[in-house]
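Asker: Structure file input-v6.csv (CSV, C-alpha atoms) is given on the next line.
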```csv
chain,number,residue,atom,x,y,z
A,1,MET,CA,0.0,0.0,0.0
A,2,ASP,CA,1.4,3.4,-1.0
A,3,THR,CA,1.3,5.8,2.0
A,4,THR,CA,2.8,8.8,0.1
A,5,LYS,CA,1.0,12.0,1.0
A,6,LEU,CA,0.8,14.7,-1.7
A,7,TYR,CA,-0.2,18.3,-1.6
A,8,LEU,CA,-0.2,21.0,-4.3
A,9,ILE,CA,0.9,24.6,-4.2
A,10,GLN,CA,-0.2,26.8,-7.1
A,11,SER,CA,0.5,30.5,-7.7
A,12,TYR,CA,-1.7,32.8,-9.8
A,13,ASN,CA,-1.3,36.3,-11.2
A,14,ASN,CA,-3.7,38.8,-9.8
A,15,SER,CA,-5.9,40.6,-12.3
A,16,PRO,CA,-6.2,44.4,-12.3
A,17,VAL,CA,-8.8,45.7,-9.9
A,18,GLY,CA,-12.3,45.6,-11.5
A,19,GLN,CA,-11.2,43.1,-14.2
A,20,LYS,CA,-12.1,39.5,-14.6
A,21,LEU,CA,-9.7,36.8,-13.4
A,22,SER,CA,-7.2,35.8,-16.1
A,23,TYR,CA,-7.9,32.0,-15.7
A,24,ASN,CA,-10.9,29.8,-15.3
A,25,ALA,CA,-11.7,26.8,-13.2
A,26,SER,CA,-10.5,24.3,-15.8
A,27,GLN,CA,-7.0,25.7,-15.5
A,28,LEU,CA,-6.8,25.5,-11.7
A,29,PHE,CA,-4.3,22.7,-11.6
A,30,GLY,CA,-2.7,22.8,-15.0
A,31,PRO,CA,0.8,23.9,-15.9
A,32,GLY,CA,-0.5,26.6,-18.3
A,33,VAL,CA,-2.0,28.8,-15.5
A,34,PRO,CA,-0.9,32.5,-15.9
A,35,GLY,CA,1.7,33.1,-13.2
A,36,GLY,CA,3.7,29.9,-13.7
A,37,GLY,CA,3.2,26.2,-13.4
A,38,PRO,CA,2.5,24.4,-10.1
A,39,THR,CA,4.8,23.0,-7.5
A,40,ALA,CA,4.2,19.8,-5.6
A,41,SER,CA,5.4,18.7,-2.2
A,42,PHE,CA,5.2,15.2,-0.8
A,43,ILE,CA,6.0,13.6,2.5
A,44,GLN,CA,8.4,10.7,2.5
A,45,PRO,CA,6.5,7.4,3.0
A,46,ASN,CA,7.4,5.4,6.1
A,47,GLY,CA,9.7,8.2,7.3
A,48,THR,CA,12.0,7.4,10.2
A,49,THR,CA,11.3,9.1,13.5
A,50,PRO,CA,14.0,11.7,14.3
A,51,TYR,CA,16.2,11.0,17.3
A,52,THR,CA,19.3,12.4,19.0
A,53,TYR,CA,22.2,10.9,21.0
A,54,GLU,CA,23.9,12.9,23.6
A,55,TRP,CA,27.0,12.1,25.7
A,56,ASN,CA,29.5,13.9,28.0
A,57,PHE,CA,32.5,13.2,30.1
A,58,ALA,CA,33.9,15.6,32.8
A,59,VAL,CA,36.8,15.8,35.2
A,60,ASP,CA,36.8,18.4,37.9
A,61,HIS,CA,38.9,19.3,40.9
A,62,THR,CA,38.3,21.6,43.9
A,63,LEU,CA,41.1,23.5,45.5
A,64,LYS,CA,40.0,25.6,48.5
A,65,ASN,CA,37.4,28.0,47.0
A,66,TRP,CA,38.2,27.2,43.4
A,67,LEU,CA,36.6,24.7,41.1
A,68,MET,CA,38.3,23.6,37.8
A,69,GLU,CA,36.6,21.4,35.3
A,70,VAL,CA,37.3,20.0,31.8
A,71,SER,CA,34.6,18.3,29.9
A,72,TYR,CA,33.7,16.9,26.6
A,73,LEU,CA,30.2,17.2,25.1
A,74,GLY,CA,28.9,15.4,22.1
A,75,SER,CA,25.6,14.9,20.3
A,76,ALA,CA,24.4,13.4,17.1
A,77,ALA,CA,21.0,14.1,15.5
A,78,HIS,CA,19.6,11.7,12.9
A,79,HIS,CA,16.6,11.8,10.5
A,80,TYR,CA,15.5,15.4,11.0
A,81,GLU,CA,13.5,16.8,8.2
A,82,GLU,CA,15.0,18.2,4.9
A,83,ARG,CA,13.1,19.5,1.9
A,84,PRO,CA,15.1,19.0,-1.3
A,85,ASN,CA,13.6,19.8,-4.7
A,86,LEU,CA,13.7,16.7,-6.9
A,87,ASP,CA,13.1,18.7,-10.0
A,88,PRO,CA,16.1,21.1,-10.4
A,89,GLN,CA,16.7,22.8,-13.7
A,90,ASN,CA,18.8,21.1,-16.3
A,91,ALA,CA,21.8,22.8,-18.1
A,92,ASP,CA,19.6,23.2,-21.3
A,93,GLY,CA,16.9,25.1,-19.3
A,94,SER,CA,14.5,22.1,-19.1
A,95,PHE,CA,13.2,20.3,-16.1
A,96,PRO,CA,13.4,16.6,-15.4
A,97,LEU,CA,9.6,16.6,-14.7
A,98,PRO,CA,8.0,18.6,-17.5
A,99,GLY,CA,5.1,20.8,-16.5
A,100,TRP,CA,6.2,21.4,-13.0
A,101,ASN,CA,8.1,24.3,-11.4
A,102,GLY,CA,9.3,22.1,-8.6
A,103,VAL,CA,8.7,18.8,-6.8
A,104,GLN,CA,9.8,19.0,-3.2
A,105,GLU,CA,10.2,16.0,-0.9
A,106,ASN,CA,9.8,16.3,2.9
A,107,SER,CA,12.3,13.6,3.8
A,108,GLN,CA,13.6,12.5,7.2
A,109,SER,CA,17.2,12.3,5.9
A,110,GLY,CA,19.2,15.0,7.7
A,111,SER,CA,21.8,14.5,10.3
A,112,SER,CA,24.4,16.5,12.3
A,113,PHE,CA,27.2,15.9,14.7
A,114,TYR,CA,28.4,18.2,17.5
A,115,SER,CA,31.7,17.9,19.4
A,116,GLY,CA,32.8,20.4,22.1
A,117,LEU,CA,35.7,20.7,24.6
A,118,VAL,CA,34.7,22.9,27.6
A,119,VAL,CA,37.1,24.4,30.2
A,120,ARG,CA,35.4,25.9,33.2
A,121,THR,CA,36.6,27.6,36.4
A,122,GLU,CA,34.7,29.0,39.3
A,123,LYS,CA,35.7,30.8,42.5
A,124,ARG,CA,33.0,30.5,45.1
A,125,PHE,CA,31.9,33.8,46.7
A,126,ASN,CA,34.3,34.5,49.5
A,127,SER,CA,35.7,37.8,51.0
A,128,GLY,CA,33.4,39.7,48.7
A,129,PHE,CA,34.7,38.2,45.4
A,130,TYR,CA,33.2,35.7,42.9
A,131,LEU,CA,34.4,34.7,39.5
A,132,SER,CA,33.1,32.2,36.9
A,133,GLY,CA,34.3,31.6,33.4
A,134,SER,CA,34.2,29.0,30.6
A,135,TYR,CA,35.7,28.5,27.2
A,136,THR,CA,34.3,26.2,24.6
A,137,LEU,CA,36.1,24.9,21.5
A,138,SER,CA,33.5,23.2,19.3
A,139,LYS,CA,32.6,22.0,15.9
A,140,CYS,CA,29.2,21.1,14.4
A,141,LEU,CA,28.8,19.6,10.9
A,142,GLY,CA,25.5,18.6,9.3
A,143,TRP,CA,23.1,19.0,6.4
A,144,PRO,CA,20.5,21.8,5.8
A,145,TRP,CA,17.3,21.3,7.8
A,146,GLN,CA,13.6,21.9,7.3
A,147,ASP,CA,13.0,25.2,5.4
A,148,VAL,CA,16.7,25.8,4.4
A,149,PHE,CA,16.7,25.3,0.7
A,150,SER,CA,19.3,22.8,-0.6
A,151,TRP,CA,22.2,23.4,-3.0
A,152,HIS,CA,22.6,19.8,-4.4
A,153,PRO,CA,19.1,18.3,-4.0
A,154,LEU,CA,19.9,15.2,-6.1
A,155,ASP,CA,23.0,14.4,-3.9
A,156,MET,CA,22.5,15.9,-0.5
A,157,ARG,CA,25.9,14.5,0.7
A,158,LEU,CA,27.4,17.5,-1.1
A,159,ASP,CA,25.5,19.9,1.2
A,160,ARG,CA,27.3,18.9,4.3
A,161,GLY,CA,29.0,21.8,6.1
A,162,HIS,CA,29.2,23.8,9.3
A,163,CYS,CA,25.9,24.0,11.2
A,164,GLN,CA,24.2,27.4,11.0
A,165,GLU,CA,24.5,27.9,14.8
A,166,ASP,CA,28.1,26.7,14.9
A,167,LEU,CA,30.5,29.0,16.8
A,168,SER,CA,34.0,27.5,16.9
A,169,HIS,CA,35.2,29.6,19.9
A,170,ASN,CA,33.0,30.8,22.8
A,171,LEU,CA,34.3,32.5,26.0
A,172,VAL,CA,32.0,33.7,28.7
A,173,ALA,CA,33.1,35.1,32.1
A,174,ASN,CA,31.4,37.1,34.9
A,175,THR,CA,32.6,38.4,38.3
A,176,ILE,CA,31.2,40.1,41.4
A,177,TYR,CA,33.3,42.3,43.6
A,178,GLU,CA,32.3,44.1,46.8
A,179,LEU,CA,34.7,46.9,47.5
A,180,PRO,CA,36.5,46.5,50.8
A,181,PHE,CA,35.1,49.7,52.3
A,182,GLY,CA,32.4,50.4,54.8
A,183,GLN,CA,30.6,48.6,57.6
A,184,GLY,CA,31.9,45.0,58.0
A,185,LYS,CA,34.7,45.5,55.5
A,186,MET,CA,38.5,45.9,55.9
A,187,PHE,CA,38.6,49.7,55.5
A,188,LEU,CA,36.5,52.7,56.7
A,189,ASN,CA,34.3,50.4,58.8
A,190,GLU,CA,33.6,52.9,61.6
A,191,GLY,CA,31.0,54.9,59.8
A,192,GLY,CA,31.2,58.6,59.0
A,193,LEU,CA,30.6,60.6,55.9
A,194,LEU,CA,33.4,59.0,53.9
A,195,ASN,CA,31.9,55.6,54.6
A,196,GLN,CA,28.6,56.8,53.3
A,197,VAL,CA,30.2,57.9,50.0
A,198,VAL,CA,32.7,55.0,49.2
A,199,GLY,CA,31.4,52.2,51.4
A,200,GLY,CA,29.1,49.4,50.3
A,201,TRP,CA,29.7,49.5,46.6
A,202,LYS,CA,29.3,46.3,44.5
A,203,LEU,CA,30.8,45.9,41.0
A,204,VAL,CA,29.7,43.4,38.4
A,205,ALA,CA,31.4,42.6,35.1
A,206,ILE,CA,30.2,40.3,32.3
A,207,ALA,CA,32.3,39.4,29.3
A,208,ALA,CA,31.2,37.5,26.2
A,209,LEU,CA,33.4,36.7,23.2
A,210,HIS,CA,32.9,34.3,20.4
A,211,SER,CA,34.0,33.7,16.8
A,212,GLY,CA,31.8,34.6,13.9
A,213,PRO,CA,29.0,32.4,12.5
A,214,TRP,CA,29.5,30.4,9.3
A,215,ALA,CA,27.9,31.5,6.0
A,216,THR,CA,27.5,30.2,2.5
A,217,LEU,CA,28.6,32.0,-0.7
A,218,GLY,CA,25.8,32.8,-3.1
A,219,SER,CA,25.3,33.1,-6.8
A,220,ASN,CA,22.4,34.1,-9.0
A,221,GLN,CA,22.4,31.4,-11.8
A,222,SER,CA,19.1,29.8,-12.6
A,223,LEU,CA,18.8,26.4,-10.9
A,224,GLY,CA,15.0,26.1,-10.4
A,225,ILE,CA,12.8,26.9,-7.5
A,226,PHE,CA,13.8,25.9,-3.9
A,227,VAL,CA,17.5,25.5,-5.0
A,228,ASN,CA,20.3,27.8,-3.8
A,229,GLY,CA,23.1,28.8,-6.1
A,230,LEU,CA,26.8,28.5,-5.4
A,231,PRO,CA,29.7,30.5,-7.1
A,232,ASP,CA,33.0,29.0,-8.2
A,233,VAL,CA,36.1,29.4,-6.1
A,234,SER,CA,39.7,29.3,-7.5
A,235,GLY,CA,41.6,29.5,-4.2
A,236,PRO,CA,41.3,30.1,-0.5
A,237,VAL,CA,38.4,32.3,0.6
A,238,ASN,CA,38.9,32.9,4.3
A,239,ASN,CA,41.8,35.1,5.2
A,240,SER,CA,42.5,36.1,8.8
A,241,ALA,CA,44.8,38.9,7.6
A,242,LEU,CA,41.7,40.8,6.4
A,243,ASN,CA,39.9,40.5,9.7
A,244,GLY,CA,42.2,42.4,12.0
A,245,GLY,CA,41.5,46.1,12.5
A,246,LEU,CA,38.2,46.0,10.7
A,247,GLY,CA,36.7,49.5,11.1
A,248,LYS,CA,39.9,51.1,12.3
A,249,HIS,CA,41.5,54.0,10.3
A,250,GLY,CA,38.7,53.7,7.7
A,251,LYS,CA,39.3,50.0,7.0
A,252,LEU,CA,36.0,48.4,6.1
A,253,GLY,CA,36.6,45.2,4.1
A,254,PRO,CA,36.5,43.1,2.1
A,255,TYR,CA,36.4,40.5,4.9
A,256,PHE,CA,37.6,37.6,2.8
A,257,ASN,CA,39.4,36.9,-0.5
A,258,THR,CA,36.7,38.1,-2.9
A,259,GLN,CA,39.1,37.8,-5.9
A,260,ASN,CA,38.9,34.0,-5.5
A,261,VAL,CA,35.2,33.9,-5.9
A,262,HIS,CA,33.5,33.9,-9.4
A,263,ALA,CA,29.9,34.1,-10.4
A,264,VAL,CA,28.3,31.3,-12.4
A,265,THR,CA,26.1,32.4,-15.2
A,266,ALA,CA,25.3,29.1,-17.0
A,267,VAL,CA,21.7,27.8,-16.5
A,268,GLY,CA,21.4,24.7,-14.4
A,269,THR,CA,25.1,24.7,-13.4
A,270,GLN,CA,26.1,24.7,-9.8
A,271,GLY,CA,29.4,26.2,-8.6
A,272,ASN,CA,32.2,24.3,-6.9
A,273,SER,CA,32.2,26.2,-3.5
A,274,SER,CA,31.2,24.5,-0.3
A,275,VAL,CA,28.2,25.0,1.9
A,276,GLN,CA,28.7,27.0,5.2
A,277,SER,CA,32.4,27.5,4.5
A,278,VAL,CA,32.9,31.2,5.1
A,279,TYR,CA,33.2,32.6,8.7
A,280,GLY,CA,31.9,36.0,9.6
A,281,PRO,CA,33.1,38.7,12.0
A,282,GLY,CA,33.4,37.7,15.7
A,283,TYR,CA,31.8,39.3,18.7
A,284,ALA,CA,33.2,40.7,21.9
A,285,ASP,CA,31.2,42.5,24.6
A,286,TRP,CA,32.0,43.7,28.1
A,287,ASP,CA,29.1,44.9,30.4
A,288,LEU,CA,29.9,46.6,33.7
A,289,SER,CA,27.6,47.4,36.5
A,290,GLY,CA,27.9,49.1,40.0
A,291,ASP,CA,25.4,49.7,42.7
A,292,LYS,CA,25.2,51.0,46.3
A,293,THR,CA,22.4,51.0,48.9
A,294,TRP,CA,21.8,53.4,51.7
A,295,LYS,CA,19.7,52.2,54.6
A,296,TYR,CA,17.7,54.5,56.9
A,297,ALA,CA,16.0,53.4,60.1
A,298,ASP,CA,16.2,49.7,59.1
A,299,ARG,CA,13.1,50.3,57.0
A,300,TYR,CA,13.9,52.7,54.2
A,301,GLY,CA,16.5,52.2,51.5
A,302,LEU,CA,17.8,54.1,48.5
A,303,THR,CA,19.7,52.1,45.8
A,304,PHE,CA,21.7,53.8,43.0
A,305,ARG,CA,22.7,51.6,40.1
A,306,ALA,CA,24.8,52.3,37.0
A,307,ASP,CA,25.0,49.9,34.0
A,308,VAL,CA,27.3,50.3,31.1
A,309,PHE,CA,26.6,48.0,28.1
A,310,ASN,CA,29.4,47.4,25.6
A,311,ALA,CA,31.6,49.4,28.1
A,312,PHE,CA,34.6,49.7,25.8
A,313,ASN,CA,32.4,50.7,22.8
A,314,ARG,CA,33.7,47.9,20.6
A,315,VAL,CA,32.2,47.8,17.1
A,316,ASN,CA,30.7,44.3,16.5
A,317,PHE,CA,30.2,44.0,12.8
A,318,ASN,CA,27.6,41.7,11.3
A,319,GLY,CA,25.6,41.3,8.1
A,320,LEU,CA,28.5,40.0,5.9
A,321,ASP,CA,27.4,40.1,2.3
A,322,THR,CA,28.3,36.8,0.7
A,323,GLY,CA,26.4,37.2,-2.6
A,324,VAL,CA,29.0,37.3,-5.5
A,325,ASN,CA,26.5,39.3,-7.7
A,326,ASP,CA,26.0,42.0,-5.1
A,327,THR,CA,27.8,45.4,-5.3
A,328,ARG,CA,28.9,45.1,-1.7
A,329,PHE,CA,30.1,41.5,-1.9
A,330,GLY,CA,32.5,40.7,0.8
A,331,TYR,CA,31.8,43.7,3.0
A,332,VAL,CA,30.0,43.9,6.3
A,333,GLN,CA,26.7,45.7,6.2
A,334,ALA,CA,25.8,46.4,9.8
A,335,ALA,CA,27.0,46.6,13.4
A,336,GLY,CA,25.7,46.0,16.8
A,337,PRO,CA,24.7,48.8,19.3
A,338,ALA,CA,27.4,51.2,20.6
A,339,ARG,CA,28.1,51.8,24.3
A,340,GLN,CA,24.9,52.4,26.3
A,341,ILE,CA,24.8,53.9,29.8
A,342,GLN,CA,21.8,53.4,32.1
A,343,LEU,CA,21.4,55.1,35.5
A,344,SER,CA,18.7,54.3,38.0
A,345,LEU,CA,17.5,55.0,41.5
A,346,ARG,CA,15.2,52.8,43.6
A,347,VAL,CA,13.4,53.7,46.8
A,348,SER,CA,12.3,50.9,49.1
A,349,PHE,CA,10.0,51.4,52.2
```
Would you encode the structure as structure tokens?
Answerer:
Amino acid sequence: MDTTKLYLIQSYNNSPVGQKLSYNASQLFGPGVPGGGPTASFIQPNGTTPYTYEWNFAVDHTLKNWLMEVSYLGSAAHHYEERPNLDPQNADGSFPLPGWNGVQENSQSGSSFYSGLVVRTEKRFNSGFYLSGSYTLSKCLGWPWQDVFSWHPLDMRLDRGHCQEDLSHNLVANTIYELPFGQGKMFLNEGGLLNQVVGGWKLVAIAALHSGPWATLGSNQSLGIFVNGLPDVSGPVNNSALNGGLGKHGKLGPYFNTQNVHAVTAVGTQGNSSVQSVYGPGYADWDLSGDKTWKYADRYGLTFRADVFNAFNRVNFNGLDTGVNDTRFGYVQAAGPARQIQLSLRVSF
């Protein structure tokens, strides 16, 4: 018994307002409908249920108030959904299945593999000081998933590349420090006006740094609906020498070797570049915060807080243009927010 499930997607041109429709009922599901022929999607019969394996191994050691840990994390996902078009355009402009713009299969054929090494340290809160930090070196490889159009729909093995969320390097750290001034502290603990000014302050710092996400080079050749185009490459594309100092002294790209990337113009011809093979700009952010509370009659309190986001005003570029046919190919198109300062007062009673 055939359990294949089919559904049809048809596009129609809109007629001018007040005019009759440009097609009739007999044309509803025919390839000659104004606006283009139909596309069909079908669900893979007897598809396998997706599943994921996860595993980890950790070694940690405590020394007084410090904890050190090294761990390995891994996961493998199998049979998640992909949607390749089984009717890509031929080199002569025709389609394998005449009369259709695209035939898309919803198949449980995708898989990915993640492997990560994590180094973590933590100092438990003691003497007014706390510190925690972790660094992850990882790699994730897999195939496009769900609504990500494929590049080689007839041989999905060629679409294997870095996962979209893959960040090779990731460092996160945070600390809390209570200044040693004021009541119960080492200095200025006898009260007085100076204690009211400098005593009781708490400082917080958070740092987040990670390498850039991976992206795919693009090209505009005609390959049929639901198929992404790739350009040709004639040499290395990533170039760390072009990354340093981006934005300083008027330097704004290109971010990689654009001279080694070439557009493909032939119909139905895919380029030789790889999927998810170009890394974008990294990210670095330091957030600082300080607060102090004054108490009155054990009932009333006044808290002042200052927050500085992106404290060192680092320019975090993003929006790398990877389309070889674009005028800004290879250049960054946007940046994250600049330094922001927030001051607040809170009264409690």
Asker: Between atom CA of A:Val315 and atom CA of A:Ala334, what is the spacing in Å?
Answerer: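 Atom-to-atom, atom CA of A:Ala334 to atom CA of A:Val315, that is 9.8 Å.
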Asker: Considering only C-alpha atoms, state which residue in the set A:His262, A:His152, A:Lys185, A:Arg120 is at the smallest distance from A:Asn220.
Answerer: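 Counting only C-alpha atoms, the residue closest to A:Asn220 is A:His262.
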Asker: Neighbouring residues of A:Thr216 were defined as those with any atom within 8 Å, considering all atoms listed in the file; residues of the same chain fewer than 3 positions away were excluded. Please report them as a ChimeraX atom specification.
Answerer: /A:274-278,322
Asker: Find the residue from A:Lys292, A:Phe226, A:Tyr135, A:Leu217 that sits nearest to A:Phe181; use all atoms listed in the file when measuring.
Answerer: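 Residue with the minimum atom-to-atom distance to A:Phe181: A:Lys292.
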Asker: Taking all atoms listed in the file into account, which of A:Thr52, A:Asn195, A:Ala306, A:Ser273 comes nearest A:Arg160?
Answerer: A:Ser273
Asker: Rank A:Ser71, A:Ser115, A:Ser234, A:Asn310 by their smallest atom-to-atom distance to A:Ala338, using only C-alpha atoms, and report the top residue only.
Answerer: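 Nearest to A:Ala338: A:Asn310.
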Asker: Could you please determine the separation between atom CA of A:Leu67 and atom CA of A:Asn126 in Å, to one decimal place?
Answerer: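 One can read the atom CA of A:Leu67 to atom CA of A:Asn126 distance as 13.1 Å.
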Asker: Find, counting only C-alpha atoms, the residue in A:Phe125, A:Phe317, A:Phe329, A:Trp100 that gets nearest to A:Thr175.
Answerer: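 For A:Thr175, the nearest of the candidates is A:Phe125.
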Asker: Excluding same-chain residues fewer than 3 positions from A:Thr258, what lies within 12 Å of it counting all atoms listed in the file, as a list in words?
Answerer: Leu217, Pro231, Asp232, Val233, Ser234, Gly235, Pro236, Val237, Asn238, Asn239, Leu242, Gly253, Pro254, Tyr255, Val261, His262, Ala263, Val278, Asp321, Thr322, Gly323, Val324, Asn325, Asp326, Thr327, Arg328, Phe329, Gly330 and Tyr331 of chain A
Asker: Would you be able to write out as a ChimeraX atom specification which residues have an atom within 10 Å of (7.6, 7.4, 7.2) in the file's coordinates, counting only C-alpha atoms?
Answerer: /A:3-4,43-49,107-108
Asker: Work out how far apart atom CA of A:Leu97 and atom CA of A:Pro84 are and give it in Å to one decimal.
Answerer: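 Distance between the two atoms: 14.7 Å.
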Asker: Would you be able to write out as an mmCIF file with C-alpha atoms, in the coordinates of the input which residues have an atom within 9 Å of (22.6, 23.0, -0.9) in the file's coordinates, counting only C-alpha atoms?
Answerer:
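What ended up in result.cif:
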```cif
data_model
loop_
_atom_site.group_PDB
_atom_site.id
_atom_site.type_symbol
_atom_site.label_atom_id
_atom_site.label_comp_id
_atom_site.auth_asym_id
_atom_site.auth_seq_id
_atom_site.Cartn_x
_atom_site.Cartn_y
_atom_site.Cartn_z
ATOM 1 C CA PRO A 84 15.100 19.000 -1.300
ATOM 2 C CA TRP A 143 23.100 19.000 6.400
ATOM 3 C CA PRO A 144 20.500 21.800 5.800
ATOM 4 C CA VAL A 148 16.700 25.800 4.400
ATOM 5 C CA PHE A 149 16.700 25.300 0.700
ATOM 6 C CA SER A 150 19.300 22.800 -0.600
ATOM 7 C CA TRP A 151 22.200 23.400 -3.000
ATOM 8 C CA HIS A 152 22.600 19.800 -4.400
ATOM 9 C CA PRO A 153 19.100 18.300 -4.000
ATOM 10 C CA MET A 156 22.500 15.900 -0.500
ATOM 11 C CA LEU A 158 27.400 17.500 -1.100
ATOM 12 C CA ASP A 159 25.500 19.900 1.200
ATOM 13 C CA ARG A 160 27.300 18.900 4.300
ATOM 14 C CA VAL A 227 17.500 25.500 -5.000
ATOM 15 C CA ASN A 228 20.300 27.800 -3.800
ATOM 16 C CA GLY A 229 23.100 28.800 -6.100
ATOM 17 C CA LEU A 230 26.800 28.500 -5.400
ATOM 18 C CA SER A 274 31.200 24.500 -0.300
ATOM 19 C CA VAL A 275 28.200 25.000 1.900
#
```
Asker: Which residue is closest to A:Ser132? Choose from A:Asp285, A:Glu69, A:Asp298, A:Glu54 and count only C-alpha atoms.
Answerer: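 Smallest distance to A:Ser132 is found for A:Glu69.
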